[in-house]
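Asks: The structure under discussion is supplied below as structure tokens; questions concerning it will follow.
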Amino acid sequence: MNAQHGGPDGYQASAPSDVEQPYVRTQDPNLAAYADEFLDAVDELPTLRPTVGCIIPAYNEAETIAGVLDSLLQQTRLPDVVHLVINNTSDDSVEIASHYAGPHTRMTPTGEQSTVIYVHDIGKNPDKKVGALNYGYSLVEHMDFLLGVDGDTTPEPDAIQHLVDEIASDDRIGGISAVYSIDDSAVDGIVPKFLIAGQRAQFSAFNMQNLLKGRNMAVLGGQFSIFSTQALRDVMRDSHQRTPWVSDSEVEDSLLSLQIKSAGYLTKISARARAHVGGMDTMRSLDAQQVKWNFGAIDLMWPGQRGDTKGQPFHPNLRLRWFEHMSMVQNIITRFAFVVLLACSLSISAFVFSPWWVIPPLCAVWLNFRVAHSMEFANRRDYLFVLLVFPAELYMVIRMGHFARAWTKFFSNQQTDNWAAQAKAERGKGIAWMYPFIIATFFFLVFMVIWFQLPIGAKSDVLAACWPVLGVITVLQTAWMIIKASKRYRGYKA
């Protein structure tokens with residue numbers, strides 16, 4: 001007598017009572033129909049979607065804020081909420097932004113997405129950008145990630161998607177910065193074009209340097225960076241702060257990056273997310289910005305200057321800063337010494353040209369060309385800036401002036417509001433940017449006056465001793481440029 005037993009998955013097993021037989025597979029049509037229905041239901045289940053709160057601190061951004069909001073609304077991955085925090089403004093930023101306030105829905109490649117834009121005018125704010133950022137943080141601290149965007153930064157359409165995908169994939173990451181470039185399409189005038197080209201090259205070199213170092217980013221720039229809110233909470237706990245950003249630093253983004261690193265998180269630069277930031281198109285505004293950045297970096301670097309920075313001055317995020325500053329010192333020494341020695345040699349008809357002196361400029365051109373070629377959005381102006389030699393060299397001299405001014409302010413213990421100084425410079429006021437060049441000219445003239453007082457024998461001895469020293473320094477500098485120019489970029493684009 002046979003017994004019928006129900007087998008797994010709806011199949012029937014048939015076997016004699018005294019003999020064990022294998023299962024015989026027979027398809028149940030009801031199960032097949034249910035399987036299709038079940039899979040459709042699974043597909044309709046919501047997937048985990050990290051929440052992203054976007055904060056835009058804005059100060060007199062009437063000319064750019066509409067473009068920033070438009071670029072955010074065109075993202076393939078919309079932020080869940082956008083808080084525009086306008087502070088200390090005296091233009092039409094609030095009126096322009098108010099047209100964007102409210103809910104927005106659009107169809108993206110992954111389906112329909114929605115976001116809400118809130119416009120906050122917090123009026124007079126003594127902490128300026130830092131105060132606006134902290135105000136915004138209080139509104140999104142319950143979310144998974146905070147996206148900080150400057151009021152003049154326009155991201156590529158897929159920028160947020162790349163940042164979210166990467167930071168959500170690894171809990172060790174505390175923050176990721178986009179790759180920054182400066183849009184020069186609307187720049188007019190010889191001086192603005194020259195300055196923007198120099199800043200584009202400067203940004204590109206900095207980005208590539210970080211990309212090649214394991215994509216470890218020393219500075220999560222406020223222009224377009226995403227942060228884990230858990231990492232920000234840990235920073236506040238470890239540093240005994242009430243807010244993520246503090247107002248007693250000239251470079252609030254650099255300090256927060258150090259603190260995130262000290263809290264045990266990684267600080268990264270994205271290889272794919274890109275954003276276009278605003279550049280400085282006058283000598284005054286560029287000087288104020290660069291002096292503020294350099295002064296803030298010195299404030300973080302100098303031993304004992306900030307007791308709240310663990311491992312200072314050898315914090316991992318500060319090593320690159322020390323190297324950059326030492327390189328700038330070397331650039332100042334070699335260039336100033338060459339000009340002085342050349343003038344002294346010509347004054348006594350003792351200068352003899354050697355073809356070997358052509359090698360350092362050629363290596364510099366090669367290195368700068370590779371930097372320009374690494375740009376994702378390189379154009380003809382970027383290549384001309386390098387190949388014409390003089391623009392790149394002049395921009396380096398300008399940067400040396402910023403560097404000298406920052407260190408002079410630091411050692412003189414000047415209590416200056418560098419944020420106010422930058423705002424003043426952007427309004428076209430101030431002549432501080434000229435001071436380094438006036439002082440350099442003064443010292444050059446002093447050297448020449450002393451030189452002409454020396455007897456001819458002493459002049460020959462000075463030249464015989466100084467030219468070889470300069471030659472050795474230049475050889476070392478050239479060797480380092482060759483090493484940097486020979487590095488493989490491994491497919492990265494800055």
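Residues are referred to by chain and number: the chain letter is A, B, ... according to the order shown in the structure tokens, the number counts from 1 in that chain, and ligands are numbered separately from 1 in the order shown.
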Show me a table, sorted first by chain and then by increasing residue number, of the residues of range 370-454 of chain A having an atom at most 12 Å from range 347-350 of chain A, each with its shortest atom pair and the distance in Å to one decimal, counting only C-alpha atoms and written as JSON lines.
Replies:
{"residue": "A:Met448", "atom": "CA", "partner": "A:Ser347", "partner_atom": "CA", "distance": 9.6}
{"residue": "A:Val449", "atom": "CA", "partner": "A:Ser347", "partner_atom": "CA", "distance": 11.8}
{"residue": "A:Trp451", "atom": "CA", "partner": "A:Ser347", "partner_atom": "CA", "distance": 9.5}
{"residue": "A:Phe452", "atom": "CA", "partner": "A:Ser347", "partner_atom": "CA", "distance": 8.8}
{"residue": "A:Leu454", "atom": "CA", "partner": "A:Ile348", "partner_atom": "CA", "distance": 11.6}
Asks: Give me the residues near Asp253 in chain A as a PDB file with N, CA and C atoms, in the first residue's frame, where near means some atom within 10 Å (using only C-alpha atoms) and where sequence neighbours in that chain fewer than 5 positions away do not count.
Replies:
ATOM      1  N   VAL A 130      30.369  80.701  10.291  1.00  0.00           N
ATOM      2  CA  VAL A 130      30.336  79.662  11.321  1.00  0.00           C
ATOM      3  C   VAL A 130      28.978  79.647  12.021  1.00  0.00           C
ATOM      4  N   ALA A 218      42.987  66.498   3.502  1.00  0.00           N
ATOM      5  CA  ALA A 218      43.360  67.221   4.715  1.00  0.00           C
ATOM      6  C   ALA A 218      42.300  68.252   5.101  1.00  0.00           C
ATOM      7  N   VAL A 219      41.610  68.797   4.108  1.00  0.00           N
ATOM      8  CA  VAL A 219      40.632  69.856   4.366  1.00  0.00           C
ATOM      9  C   VAL A 219      39.320  69.517   3.666  1.00  0.00           C
ATOM     10  N   LEU A 220      38.281  69.283   4.438  1.00  0.00           N
ATOM     11  CA  LEU A 220      36.948  69.096   3.870  1.00  0.00           C
ATOM     12  C   LEU A 220      36.355  70.484   3.657  1.00  0.00           C
ATOM     13  N   GLY A 221      36.619  71.035   2.487  1.00  0.00           N
ATOM     14  CA  GLY A 221      36.230  72.414   2.205  1.00  0.00           C
ATOM     15  C   GLY A 221      34.738  72.630   2.314  1.00  0.00           C
ATOM     16  N   GLY A 222      34.374  73.786   2.837  1.00  0.00           N
ATOM     17  CA  GLY A 222      32.960  74.098   2.998  1.00  0.00           C
ATOM     18  C   GLY A 222      32.233  74.347   1.700  1.00  0.00           C
ATOM     19  N   GLN A 223      32.972  74.411   0.588  1.00  0.00           N
ATOM     20  CA  GLN A 223      32.323  74.688  -0.692  1.00  0.00           C
ATOM     21  C   GLN A 223      31.304  73.616  -1.058  1.00  0.00           C
ATOM     22  N   SER A 225      30.913  69.698   0.635  1.00  0.00           N
ATOM     23  CA  SER A 225      31.367  68.504   1.353  1.00  0.00           C
ATOM     24  C   SER A 225      30.202  67.900   2.113  1.00  0.00           C
ATOM     25  N   PRO A 244      29.439  71.925  15.992  1.00  0.00           N
ATOM     26  CA  PRO A 244      30.536  71.333  15.208  1.00  0.00           C
ATOM     27  C   PRO A 244      31.591  72.349  14.795  1.00  0.00           C
ATOM     28  N   TRP A 245      31.156  73.536  14.370  1.00  0.00           N
ATOM     29  CA  TRP A 245      32.094  74.559  13.923  1.00  0.00           C
ATOM     30  C   TRP A 245      32.310  75.575  15.039  1.00  0.00           C
ATOM     31  N   VAL A 246      33.536  76.059  15.177  1.00  0.00           N
ATOM     32  CA  VAL A 246      33.842  77.053  16.203  1.00  0.00           C
ATOM     33  C   VAL A 246      34.301  78.339  15.537  1.00  0.00           C
ATOM     34  N   LEU A 258      40.431  68.331  11.024  1.00  0.00           N
ATOM     35  CA  LEU A 258      41.380  67.780  11.995  1.00  0.00           C
ATOM     36  C   LEU A 258      40.658  67.061  13.118  1.00  0.00           C
ATOM     37  N   GLN A 259      39.581  67.665  13.600  1.00  0.00           N
ATOM     38  CA  GLN A 259      38.850  67.070  14.706  1.00  0.00           C
ATOM     39  C   GLN A 259      38.157  65.767  14.301  1.00  0.00           C
TER      40      GLN A 259
END
Asks: Between A:Val179, A:Met326, A:Val469, A:Ala231, which residue has the minimum interatomic distance to Ala275 in chain A, considering only C-alpha atoms?
Replies: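 Checking each of A:Val179, A:Met326, A:Val469, A:Ala231 against Ala275 in chain A, counting only C-alpha atoms, the winner is A:Val179.
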Asks: Give me, as a tab-separated table, each residue of range 67-91 of chain A that comes within 8 Å of range 117-125 of chain A, together with its shortest interatomic pair and the distance in Å at one decimal, counting only C-alpha atoms, with rows ordered by chain and rising residue number.
Replies:
residue	atom	partner	partner_atom	distance
A:Val81	CA	A:Ile117	CA	6.1
A:Val82	CA	A:Ile117	CA	4.7
A:His83	CA	A:Tyr118	CA	4.9
A:Leu84	CA	A:Val119	CA	4.9
A:Val85	CA	A:His120	CA	4.8
A:Ile86	CA	A:Asp121	CA	4.8
A:Asn87	CA	A:Gly123	CA	5.2
A:Asn88	CA	A:Lys124	CA	4.7
A:Thr89	CA	A:Gly123	CA	7.3
Asks: May I ask which of the residues A:Val116, A:Ala288, A:Ala201, A:Ile196 is the closest one to Gly430 in chain A, counting only C-alpha atoms?
Replies: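 For Gly430 in chain A, the nearest of the candidates is A:Ala288.
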Asks: Report the closest atom pair, with its distance in Å rounded to one decimal, for each residue of range 225-325 of chain A that has an atom no farther than 12 Å from range 483-493 of chain A; count only C-alpha atoms, sort by chain and then rising residue number, and write it as a Markdown table.
Replies:
| residue | atom | partner | partner_atom | distance |
| --- | --- | --- | --- | --- |
| A:Ile269 | CA | A:Tyr492 | CA | 11.4 |
| A:Ser270 | CA | A:Tyr492 | CA | 10.2 |
| A:Ala271 | CA | A:Tyr492 | CA | 6.8 |
| A:Arg272 | CA | A:Lys493 | CA | 8.5 |
| A:Ala273 | CA | A:Lys493 | CA | 10.8 |
| A:Arg274 | CA | A:Lys493 | CA | 10.1 |
Asks: Using only C-alpha atoms, can you tell me which of A:Ser90, A:Ser169, A:Gln330, A:Gln241 comes closest to Trp480 in chain A?
Replies: A:Gln330
Asks: From the DSSP assignment of the backbone, select every residue of range 348-470 of chain A that is helix (DSSP H, G or I), and format the answer as a compact mmCIF listing (two decimals) with N, CA and C atoms, in the first residue's frame.
Replies:
# COMPACT_ATOMS: atom_id res chain seq x y z
N PRO A 355 73.64 76.93 -20.22
CA PRO A 355 72.42 76.21 -20.65
C PRO A 355 71.77 75.40 -19.53
N TRP A 356 72.53 75.08 -18.50
CA TRP A 356 71.97 74.30 -17.40
C TRP A 356 70.83 75.04 -16.69
N TRP A 357 70.86 76.37 -16.75
CA TRP A 357 69.84 77.15 -16.07
C TRP A 357 68.47 77.06 -16.78
N VAL A 358 68.46 76.49 -17.96
CA VAL A 358 67.19 76.32 -18.68
C VAL A 358 66.40 75.13 -18.13
N ILE A 359 67.12 74.19 -17.52
CA ILE A 359 66.46 72.96 -17.07
C ILE A 359 65.38 73.21 -16.02
N PRO A 360 65.66 73.99 -14.96
CA PRO A 360 64.60 74.20 -13.96
C PRO A 360 63.30 74.78 -14.53
N PRO A 361 63.36 75.83 -15.37
CA PRO A 361 62.10 76.33 -15.94
C PRO A 361 61.38 75.28 -16.80
N LEU A 362 62.14 74.48 -17.55
CA LEU A 362 61.51 73.45 -18.37
C LEU A 362 60.83 72.39 -17.50
N CYS A 363 61.45 72.02 -16.38
CA CYS A 363 60.83 71.05 -15.47
C CYS A 363 59.56 71.64 -14.85
N ALA A 364 59.61 72.94 -14.53
CA ALA A 364 58.42 73.59 -13.97
C ALA A 364 57.28 73.59 -14.99
N VAL A 365 57.61 73.87 -16.26
CA VAL A 365 56.60 73.84 -17.31
C VAL A 365 56.02 72.44 -17.47
N TRP A 366 56.88 71.44 -17.43
CA TRP A 366 56.43 70.05 -17.56
C TRP A 366 55.48 69.69 -16.42
N LEU A 367 55.86 70.04 -15.19
CA LEU A 367 55.01 69.75 -14.04
C LEU A 367 53.67 70.49 -14.14
N ASN A 368 53.72 71.77 -14.47
CA ASN A 368 52.48 72.56 -14.58
C ASN A 368 51.61 72.09 -15.73
N PHE A 369 52.24 71.61 -16.81
CA PHE A 369 51.47 71.08 -17.94
C PHE A 369 50.71 69.82 -17.51
N ARG A 370 51.38 68.97 -16.74
CA ARG A 370 50.70 67.76 -16.27
C ARG A 370 49.52 68.11 -15.36
N VAL A 371 49.71 69.16 -14.55
CA VAL A 371 48.62 69.61 -13.69
C VAL A 371 47.44 70.08 -14.53
N ALA A 372 47.73 70.89 -15.56
CA ALA A 372 46.67 71.39 -16.44
C ALA A 372 45.99 70.23 -17.17
N HIS A 373 46.78 69.27 -17.63
CA HIS A 373 46.23 68.14 -18.38
C HIS A 373 45.38 67.24 -17.50
N ARG A 380 41.73 75.88 -23.27
CA ARG A 380 42.91 76.46 -23.89
C ARG A 380 43.61 77.44 -22.96
N ARG A 381 42.85 78.19 -22.19
CA ARG A 381 43.45 79.17 -21.29
C ARG A 381 44.33 78.50 -20.23
N ASP A 382 43.92 77.31 -19.77
CA ASP A 382 44.72 76.59 -18.78
C ASP A 382 46.08 76.19 -19.34
N TYR A 383 46.09 75.76 -20.60
CA TYR A 383 47.35 75.36 -21.22
C TYR A 383 48.23 76.56 -21.54
N LEU A 384 47.63 77.65 -21.98
CA LEU A 384 48.42 78.86 -22.26
C LEU A 384 49.04 79.41 -20.98
N PHE A 385 48.31 79.32 -19.87
CA PHE A 385 48.83 79.77 -18.58
C PHE A 385 50.14 79.07 -18.25
N VAL A 386 50.25 77.82 -18.64
CA VAL A 386 51.45 77.02 -18.35
C VAL A 386 52.54 77.25 -19.40
N LEU A 387 52.17 77.14 -20.67
CA LEU A 387 53.16 77.13 -21.75
C LEU A 387 53.81 78.49 -21.98
N PHE A 390 55.50 82.86 -18.27
CA PHE A 390 55.43 84.08 -17.47
C PHE A 390 54.18 84.14 -16.60
N PRO A 391 52.96 83.80 -17.09
CA PRO A 391 51.78 83.86 -16.22
C PRO A 391 51.91 82.97 -14.98
N ALA A 392 52.37 81.73 -15.17
CA ALA A 392 52.51 80.82 -14.04
C ALA A 392 53.55 81.34 -13.05
N GLU A 393 54.64 81.89 -13.56
CA GLU A 393 55.69 82.41 -12.68
C GLU A 393 55.19 83.65 -11.93
N LEU A 394 54.46 84.51 -12.61
CA LEU A 394 53.92 85.71 -11.96
C LEU A 394 52.92 85.32 -10.87
N TYR A 395 52.09 84.33 -11.13
CA TYR A 395 51.12 83.90 -10.13
C TYR A 395 51.84 83.32 -8.91
N MET A 396 52.95 82.61 -9.13
CA MET A 396 53.73 82.10 -8.01
C MET A 396 54.27 83.24 -7.16
N VAL A 397 54.73 84.32 -7.80
CA VAL A 397 55.22 85.48 -7.07
C VAL A 397 54.10 86.10 -6.24
N ILE A 398 52.91 86.17 -6.80
CA ILE A 398 51.76 86.70 -6.07
C ILE A 398 51.45 85.84 -4.85
N ARG A 399 51.49 84.52 -5.03
CA ARG A 399 51.26 83.61 -3.90
C ARG A 399 52.32 83.77 -2.82
N MET A 400 53.55 84.04 -3.23
CA MET A 400 54.61 84.27 -2.25
C MET A 400 54.31 85.51 -1.42
N GLY A 401 53.71 86.52 -2.04
CA GLY A 401 53.30 87.71 -1.31
C GLY A 401 52.25 87.40 -0.27
N HIS A 402 51.26 86.58 -0.63
CA HIS A 402 50.22 86.17 0.32
C HIS A 402 50.85 85.42 1.49
N PHE A 403 51.76 84.53 1.16
CA PHE A 403 52.44 83.72 2.18
C PHE A 403 53.20 84.60 3.16
N ALA A 404 53.96 85.54 2.63
CA ALA A 404 54.76 86.43 3.48
C ALA A 404 53.86 87.29 4.37
N ARG A 405 52.75 87.78 3.81
CA ARG A 405 51.84 88.61 4.60
C ARG A 405 51.21 87.83 5.74
N ALA A 406 50.85 86.57 5.48
CA ALA A 406 50.21 85.75 6.51
C ALA A 406 51.18 85.49 7.67
N TRP A 407 52.41 85.13 7.37
CA TRP A 407 53.37 84.86 8.42
C TRP A 407 53.74 86.14 9.18
N THR A 408 53.81 87.26 8.46
CA THR A 408 54.10 88.53 9.12
C THR A 408 53.00 88.89 10.11
N LYS A 409 51.73 88.70 9.71
CA LYS A 409 50.61 88.98 10.60
C LYS A 409 50.66 88.06 11.83
N PHE A 410 51.05 86.81 11.60
CA PHE A 410 51.08 85.86 12.71
C PHE A 410 52.15 86.25 13.74
N PHE A 411 53.36 86.53 13.27
CA PHE A 411 54.45 86.85 14.19
C PHE A 411 54.29 88.23 14.84
N ASN A 418 40.02 88.72 9.82
CA ASN A 418 40.33 88.42 8.43
C ASN A 418 39.09 88.17 7.59
N TRP A 419 37.98 87.77 8.23
CA TRP A 419 36.72 87.65 7.49
C TRP A 419 36.27 89.04 7.02
N ALA A 420 36.34 90.02 7.92
CA ALA A 420 35.97 91.39 7.56
C ALA A 420 36.91 91.95 6.52
N ALA A 421 38.21 91.60 6.64
CA ALA A 421 39.19 92.08 5.67
C ALA A 421 38.90 91.53 4.28
N GLN A 422 38.47 90.26 4.22
CA GLN A 422 38.14 89.69 2.92
C GLN A 422 36.90 90.35 2.33
N ALA A 423 35.89 90.57 3.16
CA ALA A 423 34.67 91.24 2.68
C ALA A 423 35.01 92.65 2.17
N LYS A 424 35.87 93.34 2.88
CA LYS A 424 36.28 94.68 2.47
C LYS A 424 37.02 94.64 1.14
N ALA A 425 37.89 93.65 0.98
CA ALA A 425 38.65 93.53 -0.27
C ALA A 425 37.74 93.21 -1.44
N GLU A 426 36.72 92.37 -1.20
CA GLU A 426 35.81 92.02 -2.28
C GLU A 426 34.96 93.21 -2.70
N ALA A 432 46.46 96.48 1.07
CA ALA A 432 47.39 95.61 1.80
C ALA A 432 48.06 94.61 0.87
N TRP A 433 47.41 94.25 -0.23
CA TRP A 433 48.00 93.28 -1.15
C TRP A 433 49.30 93.77 -1.77
N MET A 434 49.54 95.07 -1.75
CA MET A 434 50.74 95.64 -2.35
C MET A 434 51.94 95.62 -1.39
N TYR A 435 51.71 95.45 -0.10
CA TYR A 435 52.79 95.57 0.88
C TYR A 435 53.95 94.62 0.63
N PRO A 436 53.73 93.33 0.36
CA PRO A 436 54.88 92.43 0.15
C PRO A 436 55.78 92.88 -1.01
N PHE A 437 55.17 93.39 -2.07
CA PHE A 437 55.97 93.78 -3.23
C PHE A 437 56.73 95.08 -2.96
N ILE A 438 56.11 95.98 -2.18
CA ILE A 438 56.80 97.21 -1.79
C ILE A 438 57.99 96.88 -0.89
N ILE A 439 57.78 95.97 0.05
CA ILE A 439 58.86 95.58 0.97
C ILE A 439 59.97 94.84 0.23
N ALA A 440 59.59 93.94 -0.69
CA ALA A 440 60.60 93.20 -1.47
C ALA A 440 61.44 94.16 -2.31
N THR A 441 60.78 95.17 -2.91
CA THR A 441 61.52 96.17 -3.69
C THR A 441 62.46 96.97 -2.80
N PHE A 442 62.01 97.30 -1.60
CA PHE A 442 62.85 98.04 -0.66
C PHE A 442 64.11 97.25 -0.31
N PHE A 443 63.93 95.97 0.03
CA PHE A 443 65.09 95.15 0.38
C PHE A 443 66.04 94.97 -0.81
N PHE A 444 65.46 94.83 -2.00
CA PHE A 444 66.30 94.70 -3.18
C PHE A 444 67.16 95.95 -3.37
N LEU A 445 66.55 97.12 -3.21
CA LEU A 445 67.31 98.37 -3.36
C LEU A 445 68.37 98.50 -2.27
N VAL A 446 68.05 98.06 -1.04
CA VAL A 446 69.04 98.10 0.04
C VAL A 446 70.24 97.21 -0.31
N PHE A 447 69.94 96.01 -0.81
CA PHE A 447 71.03 95.10 -1.20
C PHE A 447 71.90 95.74 -2.27
N MET A 448 71.27 96.38 -3.23
CA MET A 448 72.03 96.96 -4.33
C MET A 448 72.87 98.15 -3.85
N VAL A 449 72.35 98.95 -2.94
CA VAL A 449 73.14 100.07 -2.39
C VAL A 449 74.38 99.54 -1.67
N ILE A 450 74.16 98.49 -0.85
CA ILE A 450 75.30 97.89 -0.15
C ILE A 450 76.28 97.29 -1.15
N TRP A 451 75.73 96.68 -2.18
CA TRP A 451 76.58 96.02 -3.18
C TRP A 451 77.53 97.02 -3.84
N PHE A 452 77.01 98.17 -4.18
CA PHE A 452 77.84 99.15 -4.89
C PHE A 452 78.90 99.79 -3.97
N GLN A 453 78.78 99.58 -2.66
CA GLN A 453 79.78 100.10 -1.74
C GLN A 453 80.96 99.15 -1.57
N ILE A 456 85.68 95.65 -5.65
CA ILE A 456 85.48 94.67 -6.70
C ILE A 456 85.90 93.27 -6.26
N GLY A 457 86.96 93.19 -5.43
CA GLY A 457 87.39 91.88 -4.94
C GLY A 457 86.35 91.22 -4.07
N ALA A 458 85.75 92.00 -3.19
CA ALA A 458 84.71 91.46 -2.32
C ALA A 458 83.48 91.04 -3.13
N LYS A 459 83.18 91.82 -4.16
CA LYS A 459 82.05 91.46 -5.03
C LYS A 459 82.28 90.11 -5.69
N SER A 460 83.47 89.89 -6.18
CA SER A 460 83.78 88.61 -6.83
C SER A 460 83.69 87.46 -5.84
N ASP A 461 84.17 87.69 -4.61
CA ASP A 461 84.11 86.64 -3.60
C ASP A 461 82.66 86.29 -3.24
N VAL A 462 81.81 87.31 -3.12
CA VAL A 462 80.41 87.08 -2.80
C VAL A 462 79.74 86.26 -3.88
N LEU A 463 79.96 86.63 -5.12
CA LEU A 463 79.35 85.91 -6.24
C LEU A 463 79.88 84.48 -6.32
N ALA A 464 81.18 84.32 -6.09
CA ALA A 464 81.78 82.99 -6.16
C ALA A 464 81.23 82.07 -5.08
N ALA A 465 80.83 82.63 -3.95
CA ALA A 465 80.29 81.81 -2.86
C ALA A 465 78.79 81.57 -3.00
N CYS A 466 78.06 82.58 -3.46
CA CYS A 466 76.58 82.49 -3.46
C CYS A 466 76.01 81.72 -4.65
N TRP A 467 76.62 81.87 -5.83
CA TRP A 467 76.08 81.16 -7.00
C TRP A 467 76.08 79.64 -6.80
N PRO A 468 77.17 79.04 -6.30
CA PRO A 468 77.13 77.58 -6.08
C PRO A 468 76.07 77.15 -5.07
N VAL A 469 75.88 77.95 -4.01
CA VAL A 469 74.86 77.61 -3.02
C VAL A 469 73.48 77.62 -3.67
N LEU A 470 73.21 78.67 -4.43
CA LEU A 470 71.93 78.74 -5.14
C LEU A 470 71.80 77.58 -6.12
Asks: So what do you get for CA of Ile160 in chain A versus CA of Arg49 in chain A, distance-wise?
Replies: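 Value for the CA of Ile160 in chain A-CA of Arg49 in chain A distance: 13.2 Å.
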Asks: Between CA of Ala197 in chain A and CA of Ser181 in chain A, what is the distance, to one decimal in Å?
Replies: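 Taking CA of Ala197 in chain A and CA of Ser181 in chain A, their separation equals 10.5 Å.
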Asks: Within 9 Å of Ser93 in chain A, counting only C-alpha atoms, which residues qualify if same-chain residues fewer than 4 places away don't, as an MDAnalysis selection string?
Replies: chainID A and resid 58:66 86 89 97:98
Asks: Per residue of range 245-301 of chain A within 10 Å of range 187-192 of chain A, record the nearest atom pair and its distance in Å to one decimal, counting only C-alpha atoms, with rows in chain order and ascending residue number, as CSV.
Replies:
residue,atom,partner,partner_atom,distance
A:Gly279,CA,A:Pro192,CA,9.3
A:Met280,CA,A:Pro192,CA,7.8
A:Asp281,CA,A:Pro192,CA,4.4
A:Thr282,CA,A:Pro192,CA,6.2
A:Met283,CA,A:Val191,CA,8.4
Asks: What gap, in Å, lies between CA of Gln477 in chain A and CA of Ser374 in chain A?
Replies: 22.1 Å
Asks: Pick out the closest residue to Val251 in chain A from this set: A:Val339, A:Ala297, A:Ile226, A:Leu211. Count only C-alpha atoms.
Replies: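 The answer is A:Ala297, which sits nearest to Val251 in chain A.
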Asks: Counting only C-alpha atoms, which residue out of A:Leu318, A:Phe338, A:Phe224, A:Tyr180 sits closest to Phe351 in chain A?
Replies: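 Nearest candidate to Phe351 in chain A out of A:Leu318, A:Phe338, A:Phe224, A:Tyr180: A:Phe338.
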Asks: From the list A:Leu232, A:Leu320, A:Val52, A:Val472, which residue is nearest Leu147 in chain A when using only C-alpha atoms?
Replies: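 Smallest distance to Leu147 in chain A is found for A:Val52.
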